[in-house]
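Just below is one structure, and these are the notes that go with it.
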Amino acid sequence: MGKVTLELTEPEMRDLAEVCAMALTVLGQAMPDGRNPRADAWHKLLVEIVKAGRTVPGIARDMELNPDCGYWFFKRPYVENAFYSDVIDEYRDSVFWEELVGRLATRTLMEYYGQEAVESLSPEERTARVAAMEKTLWKEVSRYGVDRLMFMLAPEES
């Protein structure tokens, strides 16, 4: 297969470079060890697309050869105000709350009914009970955040 050529306006190229910067950020956090050939291929492609952004004068002024990662990337002040940073922050927040509520619901179910009883439920019944508990917990954390959550630690852990 031959090469593909894209014609993008400057705003489109900026958006594409930001999408790639976002993907590089996520990839670097999700698979930092560099042992996955597919992740390595993605990384290489993403770096090339971001680097192509610097050929556009309006985008180049917001980029630098980043000493931390060793390739062309957006300057820190730009990253701090970029839309993709907002997207990543929102994603992290949503994942945090979903994980917290899901794990609390499962834990509460285990504490209330006991592990054996919960494990004896059908997958559908367990899912239904966890979902009901999650709904209640979502109301709680939506209204109060973590202010009313209590964590009990063993004396040797505190």
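Letters A, B, ... mark the chains of the structure tokens in the order given; residue numbers begin at 1 per chain; ligand numbers begin at 1, in order shown.
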With 9 Å as the cut-off and only C-alpha atoms counted, what is the closest atom pair between each nearby residue of stretch 85-118 of chain A and stretch 10-30 of chain A? Distances in Å to one decimal, ordered by chain and number, as a tab-separated table.
residue	atom	partner	partner_atom	distance
A:Ser85	CA	A:Met22	CA	7.3
A:Val87	CA	A:Met22	CA	8.4
A:Ile88	CA	A:Met22	CA	7.3
Run DSSP on the backbone and tell me which residues of stretch 47-115 of chain A come out as alpha helix (DSSP H); list them as JSON, numbers by chain. {"A": [47, 48, 49, 50, 51, 52, 53, 57, 58, 59, 60, 76, 77, 78, 79, 80, 81, 83, 84, 85, 86, 87, 88, 89, 90, 91, 92, 93, 94, 95, 96, 97, 98, 99, 100, 101, 102, 103, 104, 105, 106, 107, 108, 109, 110, 111, 112, 113, 115]}
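Computed from the coordinates, the atom CA of A:Arg129 to atom CA of A:Leu104 distance equals 12.5 Å.
By chain and then residue number, the residues within 12 Å of A:Leu137 are Trp97, Glu98, Glu99, Leu100, Val101, Gly102, Arg103, Leu104, Ala105, Thr106, Arg107, Thr108, Leu109, Val130, Ala131, Ala132, Ser142, Arg143, Tyr144, Gly145, Val146, Arg148 and Leu149 of chain A, counting only C-alpha atoms and disregarding those fewer than 5 positions away in sequence.
Every protein or nucleic acid residue with an atom no more than 6 Å from stretch 50-55 of chain A, counting only C-alpha atoms and leaving out same-chain residues fewer than 3 positions away, appears here: Ala17, Val47, Ile59, Ala60 and Trp72 of chain A.
Between atom CA of A:Lys135 and atom CA of A:Asp147 lies a distance of 17.8 Å.
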Based on DSSP run over this structure's backbone, return all residues of stretch 20-135 of chain A in strand (DSSP E or B), as a list in words.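 Residues of stretch 20-135 of chain A classed as strand (DSSP E or B): Met63, Glu64, Leu65, Trp72, Phe73 and Phe74 of chain A.
Relative to atom CA of A:Pro77, atom CA of A:Asp62 is found at 8.6 Å.
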Spatial neighbours of A:Leu65, max dist 9 Å, only C-alpha atoms, sep filter under 6 positions, as a list in words: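 Contacts, in chain order: Tyr71, Trp72, Phe73, Phe74 and Lys75 of chain A.
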